[in-house]
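Below is the file run_2.csv, which contains CSV, C-alpha atoms and all ligand atoms.
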```
chain,number,residue,atom,x,y,z
A,273,MET,CA,114.0,-42.6,-19.9
A,274,SER,CA,115.7,-40.4,-17.4
A,275,ARG,CA,114.3,-36.9,-17.3
A,276,LEU,CA,115.6,-33.9,-15.5
A,277,ARG,CA,112.9,-32.7,-13.2
A,278,ASN,CA,112.2,-29.6,-11.1
A,279,ILE,CA,115.4,-27.6,-11.7
A,280,PRO,CA,114.6,-24.6,-9.5
A,281,GLY,CA,114.4,-21.4,-11.5
A,282,SER,CA,114.3,-23.1,-14.9
A,283,ALA,CA,110.9,-21.7,-15.9
A,284,GLU,CA,112.2,-18.2,-15.1
A,285,VAL,CA,115.3,-18.6,-17.1
A,286,ILE,CA,113.3,-19.8,-20.1
A,287,GLN,CA,110.9,-16.9,-19.8
A,288,ALA,CA,113.8,-14.4,-19.8
A,289,SER,CA,115.9,-16.1,-22.5
A,290,GLU,CA,116.1,-14.6,-26.0
A,291,TYR,CA,116.6,-18.1,-27.3
A,292,CYS,CA,113.1,-19.1,-26.2
A,293,ILE,CA,110.1,-17.8,-28.0
A,294,GLN,CA,107.3,-16.8,-25.6
A,295,ASP,CA,103.7,-16.9,-26.9
A,296,PRO,CA,104.7,-18.7,-30.1
A,297,GLU,CA,101.1,-18.5,-31.5
A,298,ARG,CA,101.9,-14.9,-32.2
A,299,CYS,CA,104.6,-15.9,-34.7
A,300,ARG,CA,102.2,-18.2,-36.7
A,301,GLY,CA,102.7,-17.5,-40.4
A,302,ARG,CA,105.6,-15.0,-39.6
A,303,TRP,CA,108.3,-17.2,-38.2
A,304,GLN,CA,110.8,-15.7,-40.7
A,305,GLU,CA,110.5,-12.3,-39.0
A,306,ILE,CA,112.1,-13.4,-35.8
A,307,PHE,CA,115.4,-14.4,-37.6
A,308,GLN,CA,118.0,-12.1,-39.0
A,309,LYS,CA,117.7,-13.9,-42.4
A,310,LYS,CA,114.6,-15.2,-44.2
A,311,GLN,CA,115.5,-18.7,-45.1
A,312,PRO,CA,114.0,-22.2,-45.0
A,313,LEU,CA,112.6,-23.3,-41.6
A,314,PHE,CA,113.3,-26.7,-40.0
A,315,ILE,CA,111.9,-27.9,-36.7
A,316,GLU,CA,113.0,-30.7,-34.4
A,317,ILE,CA,110.2,-32.1,-32.2
A,318,GLY,CA,111.4,-33.5,-28.8
A,319,MET,CA,114.9,-32.0,-29.1
A,320,GLY,CA,116.0,-32.7,-25.5
A,321,LYS,CA,119.0,-30.7,-24.6
A,322,GLY,CA,119.4,-29.4,-28.2
A,323,HIS,CA,122.8,-30.7,-29.2
A,324,PHE,CA,121.6,-31.9,-32.6
A,325,LEU,CA,119.6,-28.8,-33.3
A,326,MET,CA,122.5,-26.5,-32.5
A,327,ASP,CA,125.0,-28.6,-34.5
A,328,MET,CA,122.6,-28.6,-37.5
A,329,ALA,CA,122.1,-24.8,-37.2
A,330,GLU,CA,125.9,-24.4,-37.3
A,331,ALA,CA,126.4,-26.8,-40.2
A,332,PHE,CA,123.6,-25.2,-42.2
A,333,PRO,CA,123.7,-21.4,-41.7
A,334,GLU,CA,121.5,-21.0,-44.8
A,335,ARG,CA,118.5,-22.5,-42.8
A,336,ASN,CA,116.6,-21.4,-39.7
A,337,TYR,CA,115.9,-24.0,-36.9
A,338,ILE,CA,113.3,-24.3,-34.2
A,339,GLY,CA,113.7,-26.9,-31.4
A,340,ILE,CA,110.6,-28.0,-29.6
A,341,GLU,CA,110.7,-29.5,-26.1
A,342,ARG,CA,107.9,-29.9,-23.6
A,343,TYR,CA,109.8,-29.9,-20.3
A,344,ASP,CA,111.2,-26.8,-18.7
A,345,SER,CA,114.0,-28.7,-17.0
A,346,VAL,CA,115.3,-30.1,-20.3
A,347,LEU,CA,114.9,-26.9,-22.2
A,348,PHE,CA,116.8,-25.1,-19.4
A,349,ARG,CA,119.8,-27.3,-20.2
A,350,ALA,CA,119.5,-26.4,-23.9
A,351,VAL,CA,119.5,-22.7,-23.1
A,352,GLN,CA,122.6,-23.1,-20.9
A,353,LYS,CA,124.3,-25.0,-23.8
A,354,ALA,CA,123.3,-22.3,-26.3
A,355,GLU,CA,124.8,-19.6,-24.0
A,356,VAL,CA,128.0,-21.5,-23.5
A,357,ARG,CA,128.4,-22.1,-27.3
A,358,ALA,CA,127.8,-18.4,-28.0
A,359,MET,CA,130.5,-17.4,-25.4
A,360,ILE,CA,133.0,-19.8,-26.8
A,361,ARG,CA,132.2,-18.6,-30.3
A,362,SER,CA,132.8,-15.0,-29.2
A,363,GLY,CA,136.2,-15.9,-27.7
A,364,SER,CA,135.1,-15.5,-24.0
A,365,ASP,CA,137.4,-16.4,-21.2
A,366,PRO,CA,137.1,-20.2,-20.6
A,367,ASP,CA,136.8,-19.6,-16.9
A,368,LYS,CA,133.6,-17.5,-17.4
A,369,VAL,CA,132.3,-20.2,-19.7
A,370,HIS,CA,132.9,-22.8,-17.0
A,371,VAL,CA,131.1,-20.7,-14.4
A,372,LEU,CA,128.1,-20.3,-16.7
A,373,SER,CA,127.9,-24.0,-17.5
A,374,ALA,CA,128.0,-24.6,-13.7
A,375,GLY,CA,124.7,-22.7,-13.5
A,376,VAL,CA,125.8,-19.2,-12.3
A,377,GLN,CA,123.2,-16.8,-13.7
A,378,GLU,CA,124.9,-13.9,-15.6
A,379,ARG,CA,123.3,-14.6,-18.9
A,380,PRO,CA,125.2,-13.5,-22.1
A,381,GLU,CA,123.3,-12.0,-25.1
A,382,MET,CA,122.2,-14.1,-28.0
A,383,PRO,CA,124.3,-13.3,-31.2
A,384,ALA,CA,122.2,-11.3,-33.7
A,385,ASP,CA,122.8,-13.8,-36.4
A,386,CYS,CA,121.6,-16.8,-34.4
A,387,ASN,CA,119.7,-19.1,-36.7
A,388,PHE,CA,118.0,-21.2,-34.0
A,389,ARG,CA,115.4,-20.7,-31.3
A,390,PHE,CA,113.6,-22.9,-28.8
A,391,LEU,CA,110.0,-23.5,-27.9
A,392,ARG,CA,108.6,-25.0,-24.8
A,393,MET,CA,105.5,-26.7,-25.9
A,394,ASP,CA,103.8,-30.0,-26.7
A,395,ALA,CA,103.8,-31.3,-30.3
A,396,GLN,CA,100.0,-31.4,-30.1
A,397,GLN,CA,100.0,-27.6,-30.5
A,398,LEU,CA,101.9,-27.5,-33.8
A,399,PRO,CA,99.0,-26.3,-36.0
A,400,GLN,CA,98.3,-23.4,-33.6
A,401,VAL,CA,102.0,-22.4,-33.8
A,402,PHE,CA,102.9,-23.0,-37.5
A,403,ALA,CA,100.8,-22.0,-40.5
A,404,GLU,CA,100.0,-24.3,-43.4
A,405,HIS,CA,103.1,-25.1,-45.4
A,406,GLU,CA,105.3,-23.0,-43.2
A,407,VAL,CA,107.8,-25.7,-42.3
A,408,ASP,CA,110.5,-27.0,-44.7
A,409,GLY,CA,111.5,-30.1,-42.8
A,410,ILE,CA,110.9,-32.0,-39.5
A,411,TYR,CA,113.3,-34.0,-37.4
A,412,LEU,CA,112.3,-36.6,-34.8
A,413,ASN,CA,115.1,-38.1,-32.9
A,414,PHE,CA,114.8,-40.9,-30.4
A,415,SER,CA,111.2,-40.1,-29.7
A,416,ASP,CA,109.7,-41.6,-26.6
A,417,PRO,CA,108.6,-45.2,-27.6
A,418,TRP,CA,105.3,-45.4,-25.5
A,419,PRO,CA,105.5,-49.2,-25.6
A,420,LYS,CA,102.0,-50.0,-24.3
A,421,GLU,CA,99.5,-50.4,-27.1
A,422,ARG,CA,97.0,-48.2,-25.4
A,423,HIS,CA,99.5,-45.3,-25.6
A,424,ALA,CA,100.3,-45.8,-29.3
A,425,GLY,CA,98.5,-42.6,-30.2
A,426,ARG,CA,101.1,-40.7,-28.1
A,427,ARG,CA,104.0,-41.8,-30.3
A,428,LEU,CA,105.3,-38.9,-32.4
A,429,THR,CA,105.2,-41.1,-35.5
A,430,SER,CA,101.5,-42.2,-35.0
A,431,ALA,CA,98.8,-41.3,-37.5
A,432,ASN,CA,97.6,-38.5,-35.1
A,433,PHE,CA,100.9,-36.7,-35.3
A,434,LEU,CA,101.6,-37.4,-39.0
A,435,LYS,CA,98.3,-35.6,-39.7
A,436,LEU,CA,99.5,-32.6,-37.8
A,437,TYR,CA,102.8,-32.6,-39.6
A,438,GLU,CA,101.1,-32.8,-42.9
A,439,LYS,CA,99.2,-29.6,-42.2
A,440,ILE,CA,102.3,-27.5,-41.6
A,441,MET,CA,104.8,-29.0,-44.0
A,442,ALA,CA,105.7,-27.1,-47.2
A,443,GLU,CA,105.5,-28.8,-50.6
A,444,GLY,CA,108.4,-31.2,-50.9
A,445,ALA,CA,109.3,-31.0,-47.1
A,446,LYS,CA,110.6,-34.2,-45.6
A,447,LEU,CA,110.3,-35.9,-42.2
A,448,GLU,CA,113.5,-37.5,-40.9
A,449,PHE,CA,113.2,-39.9,-38.0
A,450,LYS,CA,116.0,-41.8,-36.1
A,451,THR,CA,115.7,-44.3,-33.2
A,452,ASP,CA,117.4,-47.4,-31.8
A,453,ASN,CA,114.0,-48.8,-30.8
A,454,ARG,CA,113.2,-51.4,-33.5
A,455,PRO,CA,109.5,-51.9,-32.5
A,456,LEU,CA,108.9,-48.2,-32.6
A,457,PHE,CA,110.7,-48.0,-36.0
A,458,GLU,CA,108.6,-50.8,-37.5
A,459,PHE,CA,105.4,-49.2,-36.1
A,460,SER,CA,106.5,-45.9,-37.8
A,461,LEU,CA,107.1,-47.5,-41.2
A,462,GLU,CA,103.6,-49.0,-41.0
A,463,GLU,CA,102.0,-45.7,-40.0
A,464,ILE,CA,103.8,-43.9,-42.8
A,465,LYS,CA,102.5,-46.4,-45.3
A,466,ASN,CA,99.0,-46.4,-43.9
A,467,GLN,CA,98.8,-42.6,-44.0
A,468,GLY,CA,99.7,-42.7,-47.7
A,469,TRP,CA,103.1,-41.0,-47.2
A,470,GLU,CA,106.0,-41.7,-49.5
A,471,LEU,CA,108.8,-43.6,-47.9
A,472,LEU,CA,111.9,-42.2,-49.6
A,473,GLN,CA,114.7,-44.0,-47.7
A,474,TYR,CA,115.2,-46.2,-44.7
A,475,THR,CA,117.8,-48.3,-42.9
A,476,PHE,CA,117.9,-50.5,-39.9
A,477,ASP,CA,121.7,-49.8,-39.4
A,478,LEU,CA,122.4,-46.1,-40.2
A,479,HIS,CA,126.0,-46.1,-39.0
A,480,HIS,CA,126.9,-48.9,-41.5
A,481,ASP,CA,124.8,-47.5,-44.4
A,482,THR,CA,127.4,-45.4,-46.3
A,483,SER,CA,124.9,-43.4,-48.3
A,484,MET,CA,122.4,-42.6,-45.5
A,485,ASN,CA,125.1,-42.0,-42.9
A,486,GLN,CA,126.8,-39.4,-45.1
A,487,GLY,CA,126.9,-36.1,-43.1
A,488,ASN,CA,125.0,-37.6,-40.2
A,489,ILE,CA,124.9,-35.4,-37.2
A,490,MET,CA,124.5,-37.5,-34.0
A,491,THR,CA,122.1,-36.7,-31.3
A,492,GLU,CA,122.8,-37.0,-27.6
A,493,TYR,CA,120.8,-40.3,-27.4
A,494,GLU,CA,122.3,-41.6,-30.6
A,495,LYS,CA,125.8,-41.2,-29.2
A,496,LYS,CA,124.8,-42.9,-26.0
A,497,PHE,CA,122.9,-45.8,-27.5
A,498,SER,CA,125.3,-46.5,-30.4
A,499,ALA,CA,128.2,-46.6,-27.8
A,500,ARG,CA,126.3,-49.4,-26.2
A,501,GLY,CA,126.3,-51.3,-29.5
A,502,ASN,CA,122.6,-50.5,-30.4
A,503,ARG,CA,121.9,-50.2,-34.1
A,504,ILE,CA,120.3,-46.9,-35.2
A,505,CYS,CA,117.3,-47.0,-37.6
A,506,LYS,CA,116.5,-44.0,-39.8
A,507,LEU,CA,113.7,-43.2,-42.2
A,508,ILE,CA,113.1,-40.3,-44.5
A,509,ALA,CA,109.5,-39.7,-45.7
A,510,ARG,CA,107.2,-37.1,-47.1
A,511,PRO,CA,103.4,-36.6,-47.2
A,601,LIG,N1,116.0,-35.8,-29.4
A,601,LIG,C1,116.9,-35.9,-28.3
A,601,LIG,C2,118.1,-36.9,-28.6
A,601,LIG,O1,117.9,-37.7,-29.6
A,601,LIG,O2,119.1,-36.9,-27.9
A,601,LIG,C3,116.2,-36.3,-27.0
A,601,LIG,C4,115.5,-37.6,-27.1
A,601,LIG,S1,114.5,-37.9,-25.6
A,601,LIG,C5,114.3,-39.6,-25.5
A,601,LIG,C6,112.9,-37.4,-26.2
A,601,LIG,C7,112.5,-35.9,-25.9
A,601,LIG,O3,111.3,-35.6,-26.5
A,601,LIG,C8,112.3,-35.7,-24.4
A,601,LIG,O4,113.1,-34.6,-24.0
A,601,LIG,C9,110.8,-35.3,-24.3
A,601,LIG,O5,110.6,-34.4,-23.2
A,601,LIG,C10,110.5,-34.8,-25.6
A,601,LIG,N2,109.1,-35.0,-26.0
A,601,LIG,C11,108.4,-36.2,-26.0
A,601,LIG,N3,107.2,-36.0,-26.4
A,601,LIG,C12,107.0,-34.7,-26.8
A,601,LIG,C13,106.0,-33.9,-27.2
A,601,LIG,N4,104.8,-34.4,-27.5
A,601,LIG,N5,106.2,-32.6,-27.5
A,601,LIG,C14,107.4,-32.0,-27.2
A,601,LIG,N6,108.5,-32.7,-26.7
A,601,LIG,C15,108.3,-34.0,-26.5
```

Is it possible to express this structure as structure tokens?
Amino acid sequence: MSRLRNIPGSAEVIQASEYCIQDPERCRGRWQEIFQKKQPLFIEIGMGKGHFLMDMAEAFPERNYIGIERYDSVLFRAVQKAEVRAMIRSGSDPDKVHVLSAGVQERPEMPADCNFRFLRMDAQQLPQVFAEHEVDGIYLNFSDPWPKERHAGRRLTSANFLKLYEKIMAEGAKLEFKTDNRPLFEFSLEEIKNQGWELLQYTFDLHHDTSMNQGNIMTEYEKKFSARGNRICKLIARP
């Protein structure tokens, strides 16, 4: 996959951004306190530039969202997009919005009622950052496939990661996973079964599955790959 690398100043922007939580271990067990409203907490692991996360947060104001991404350069783009959205929402001059999206650094404040935040971290750290049963739902979208067998343990739907998710998921919380990568999807179905998780729903062609596609919010990769004619697979499961 293409990845944005080495955007100068991205680490500094992330450190200064109100959208990004620094030292997330300090929030363990008290994530609700950082949001204006105490409401169910959903996380997306490997959110990329955050389009899906921010669209979900807008569609479900009665939930709080945390987007997790391990690369500064990618998270930097998410911060820029969050700022542009906030400016548009507050009715800012479109010229200023354009300047901001072009990377000029006069950063607007985060709205007080913002129901999403970002974390720059690796999914391996989840149990250090979220307490047992603290998370009400997990999204994985177009996760890196790691096609080589010897890297199978790095796939975000491998048993290693399912065990981490299980620790932090609340009673009844669900995992939702979308990908256009059929081998990764089939691997994920197997891992879910082998871990004794309950597979609630799945499809190999989401966009033609009327019931599962209802209310579907597309991710950046989903838009790109479905435009190329790739079928999108989706599963919903719980421990
Ligand atoms: N979810 C987005 C979408 O559907 O448009 C982006 C998909 S992109 C292929 C996968 C993203 O997951 C990348 O930005 C990558 O840096 C991030 N990622 C992969 N493994 C991760 C991990 N272990 N922890 C956190 N982020 C990870």

Self-check item: Of the listed residues A:Lys495, A:Ala288, A:Lys321, A:Met326, that which approaches Arg389 (chain A) most closely, counting only C-alpha atoms
Solution: A:Met326

Determine, using all atoms listed in the file, which residues of chain A have any atom at most 8 Å from an atom of ligand LIG 601 (chain A), and tabulate each with its shortest atom pair and distance in Å to one decimal place, rows ordered by chain and then rising number, as CSV.
```
residue,atom,partner,partner_atom,distance
A:Met273,CA,A:LIG601,C5,6.4
A:Arg275,CA,A:LIG601,O4,7.2
A:Glu316,CA,A:LIG601,N1,7.7
A:Ile317,CA,A:LIG601,C14,5.7
A:Gly318,CA,A:LIG601,O3,3.1
A:Met319,CA,A:LIG601,N1,4.0
A:Gly320,CA,A:LIG601,O4,3.8
A:Lys321,CA,A:LIG601,C3,6.7
A:Gly322,CA,A:LIG601,C1,7.0
A:His323,CA,A:LIG601,O2,7.3
A:Phe324,CA,A:LIG601,C2,7.3
A:Ile340,CA,A:LIG601,C14,5.7
A:Glu341,CA,A:LIG601,N6,3.9
A:Arg342,CA,A:LIG601,C14,4.2
A:Tyr343,CA,A:LIG601,O5,5.4
A:Val346,CA,A:LIG601,O4,6.2
A:Arg392,CA,A:LIG601,C14,7.5
A:Met393,CA,A:LIG601,C14,5.8
A:Asp394,CA,A:LIG601,N5,3.6
A:Ala395,CA,A:LIG601,N5,3.9
A:Gln396,CA,A:LIG601,N4,6.2
A:Leu412,CA,A:LIG601,N1,6.6
A:Asn413,CA,A:LIG601,N1,4.3
A:Phe414,CA,A:LIG601,O1,4.5
A:Ser415,CA,A:LIG601,C6,4.7
A:Asp416,CA,A:LIG601,C5,5.1
A:Arg426,CA,A:LIG601,N4,7.3
A:Arg427,CA,A:LIG601,N3,7.7
A:Leu428,CA,A:LIG601,N4,6.7
A:Lys450,CA,A:LIG601,O1,7.9
A:Thr451,CA,A:LIG601,O1,7.8
A:Met490,CA,A:LIG601,O1,7.9
A:Thr491,CA,A:LIG601,O2,4.5
A:Glu492,CA,A:LIG601,O2,3.7
A:Tyr493,CA,A:LIG601,O2,3.8
A:Glu494,CA,A:LIG601,O1,6.0
```

Exercise. Between CA of Pro296 (chain A) and CA of Leu391 (chain A), measure the distance and give it in Å to one decimal.
Key: 7.5 Å

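CA of Ile504 (chain A) sits 27.8 Å away from CA of Asn387 (chain A).
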
Quiz prompt | Expected residue set, 10 Å radius at (122.0, -32.1, -39.4), all atoms listed in the file, as number ranges by chain | solution = A: 324-332, 411, 487-491

Quiz prompt | Arg379 (chain A) surroundings by all atoms listed in the file, 10 Å radius, close-in-sequence under 5 positions cut, as a list in words | solution = Val285, Ala288, Ser289, Val351, Gln352, Glu355, Val356 and Leu372 of chain A

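The nearest approach to Ile410 (chain A) among the residues A:Glu458, A:Glu334, A:Glu305, A:Glu448, with only C-alpha atoms taken into account, belongs to A:Glu448.
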
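Put simply, CA of Cys505 (chain A) is 5.5 Å away from CA of Thr475 (chain A).
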
Quiz item: Pick the closest to Phe402 (chain A) from A:Gln287, A:Asn278, A:Gln304, A:Gln473: which is it, counting only C-alpha atoms?
Solution: A:Gln304

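Closest approach to Ala424 (chain A) from the set A:Leu398, A:Leu456, A:Ile315, A:Ala499 is made by A:Leu456, with distances taken over all atoms listed in the file.
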
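Closest approach to Cys299 (chain A) among A:Asp452, A:Glu406, A:Asp481, A:Glu463 is made by A:Glu406 (distances from only C-alpha atoms).
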
Taking 3 positions as the minimum chain separation for residues in the same chain, which residues sit within 7 Å of Arg335 (chain A) when counting all atoms listed in the file? Answer as an mmCIF file with C-alpha atoms, in the frame of the given file.
```
data_model
loop_
_atom_site.group_PDB
_atom_site.id
_atom_site.type_symbol
_atom_site.label_atom_id
_atom_site.label_comp_id
_atom_site.auth_asym_id
_atom_site.auth_seq_id
_atom_site.Cartn_x
_atom_site.Cartn_y
_atom_site.Cartn_z
ATOM 1 C CA GLN A 311 115.500 -18.700 -45.100
ATOM 2 C CA PRO A 312 114.000 -22.200 -45.000
ATOM 3 C CA LEU A 313 112.600 -23.300 -41.600
ATOM 4 C CA PHE A 332 123.600 -25.200 -42.200
#
```

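Each of A:Phe388, A:Tyr337, A:Phe449, A:Trp418 was compared to Leu471 (chain A) using only C-alpha atoms, and A:Phe449 turns out to be the nearest.
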